[in-house]
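Chemist: Questions regarding the structure given below will be posed in turn.
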Amino acid sequence: MSGTDLLELSGLVAGYGRIVALHGVSLTVRAGEVVCLIGRNGAGKSTLLKTVAGLVRPTGGRVLLRGQDISGRPVPWRTRAGVALVPEGRRVFAPMSVHDNLLLGGYGRARKAIAAGLADTYDRFPRLAERRGQPAGTLSGGEQQMLAIGRALMSAPSVILLDEPSLGLAPRIVAEVGDIITGLAGAEAGVLLVEQDAAVAFRLADRGYLLDRGHIITAGPTATLRDDARVRSAYLGAHPAPGKQHH
Ligand code: ATP
């Protein structure tokens with residue numbers, strides 16, 4: 001990528017009617033990076049991912065993909081251009097087989113590209129290969145998360161947006177999904193990871209941003225963010241110490 005940002009958000013303003021969820025947010029993701037976006041419930045994290053994916057229209061600012069403004073482009077165009085969202089709650093199609101869920105992720109691509117995508121996905125996720133004929137609804141939470149990631153990879157994305165992938169998973173599975181996430185960043189791909197659990201995010205990410213009520217409050221390498229007083233105070237506020245919440 002020779003220094004070009006894969007994804008650049010600049011002064012992004014977005015929301016829902018009169019509710020402004022993002023007040024001029026700027027951030028970047030470069031190839032090879034896992035970048036985390038942390039913040040409390042309602043901070044605007046999902047809105048930011050949806051705005052990059054094209055599900056929410058910004059009212060101000062820009063979304064640049066490899067330097068090109070894609071703010072006005074529809075979702076399928078962005079998918080083809082390399083933006084993939086793994087939504088919160090996985091959203092796999094429970095009655096459909098693992099295989100058919102994956103095929104949906106490759107929709108619109110050439111037959112050869114789909115075959116290659118399937119081979120790659122089954123290579124990466126042997127448990128999905130074993131369960132390819134099973135309805136997705138019969139998979140464990142961790143396997144469904146892998147399927148949601150696998151489905152996103154079927155479009156050969158370069159910007160992978162992950163919304164709370166560890167939510168509701170047992171710690172052992174969080175670690176397994178974490179290894180997969182760090183493996184997604186590569187020579188031509190970067191990951192933007194939304195996490196409410198800052199500890200999980202910091203284990204996986206190279207850099208991060210703290211979002212609070214639609215504003216980026218602080219940003220930097222995770223090693224620095226971890227000790228940032230603003231991060232600590234945001235999370236202390238979100239999770240009062242045991243015994244203190246009722247006083
Ligand atoms: P969570 O971890 O709960 O998903 P978040 O940081 O992802 O939180 P968002 O879901 O982006 O936050 O929400 C940001 C703000 O936008 C909140 O005030 C929320 O109530 C509001 N909001 C989100 N979705 C909608 C919607 N569909 N219609 C109206 N307001 C919404």
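By order of appearance in the structure tokens: chains A, B, ..., then residues from 1 within every chain, and ligands from 1 in the order shown.
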Give the strand (DSSP E) residues of region 47-220 of chain A, as DSSP finds them on the backbone, and put them as an NGL selection string.

Modeler: :A and (60-65 or 68-69 or 83-86 or 159-163 or 190-195 or 207-212 or 215-220)

Chemist: For ligand 1, return the neighbouring residues as a ChimeraX atom specification (distance at most 10 Å; only C-alpha atoms and all ligand atoms).

Modeler: /A:14-22,37-51,56,88,163-164,167,194-197,211-214

Chemist: Which residue gives the smallest distance to Thr121 (chain A) among A:Thr222, A:Ser233, A:Ser10, A:Asn101, with only C-alpha atoms counted?

Modeler: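 When distances to Thr121 (chain A) are compared using only C-alpha atoms, the smallest one comes from A:Asn101.
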
Chemist: Please measure the separation of CA of Leu184 (chain A) and CA of Arg80 (chain A), giving the value in Å to one decimal.

Modeler: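 The value is 17.9 Å.
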
Chemist: Taking only C-alpha atoms into account, name the residue in A:Phe202, A:Phe125, A:Tyr209, A:Phe93 that is nearest to Ser26 (chain A).

Modeler: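 Once distances to Ser26 (chain A) are computed over only C-alpha atoms, the minimum belongs to A:Tyr209.
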
Chemist: Can you tell me, as a PyMOL selection string, what residues are no more than 7 Å from Ala84 (chain A) when counting only C-alpha atoms, ignoring any on the same chain fewer than 2 positions away?

Modeler: chain A and resi 53+79+82+86+152+157+159-161

Chemist: Looking only at the backbone, which of the residues in region 5-243 of chain A does DSSP tag as alpha helix (DSSP H), as an NGL selection string?

Modeler: :A and (45-53 or 75-81 or 98-105 or 111-124 or 126-130 or 141-153 or 171-184 or 198-204 or 222-225 or 229-238)

Chemist: Restricting the calculation to only C-alpha atoms: of A:Gly208, A:Gly168, A:Pro74, A:Pro221, which residue gets closest to Ser140 (chain A)?

Modeler: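 Once distances to Ser140 (chain A) are computed over only C-alpha atoms, the minimum belongs to A:Gly168.
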
Chemist: With distances taken over only C-alpha atoms, which residue among A:Ala116, A:Ala185, A:Val25, A:Leu6 lies nearest Arg66 (chain A)?

Modeler: A:Leu6

Chemist: When you look at Gly142 (chain A) with a cut-off of 9 Å (counting only C-alpha atoms), what residues show up, excluding the ones that are within fewer than 4 positions of it in the same chain? I need them as a PyMOL selection string.

Modeler: chain A and resi 146-147+166+168-170+173-174+176-177

Chemist: Using only C-alpha atoms, can you tell me which of A:Glu33, A:Arg90, A:Ala219, A:Thr28 comes closest to Glu188 (chain A)?

Modeler: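 Distance minimum relative to Glu188 (chain A) lands on A:Glu33.
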
Chemist: Using only C-alpha atoms, which residue out of A:Gly105, A:Arg226, A:Leu192, A:His99 lies closest to Tyr122 (chain A)?

Modeler: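 Of A:Gly105, A:Arg226, A:Leu192, A:His99, the one nearest Tyr122 (chain A) is A:His99, counting only C-alpha atoms.
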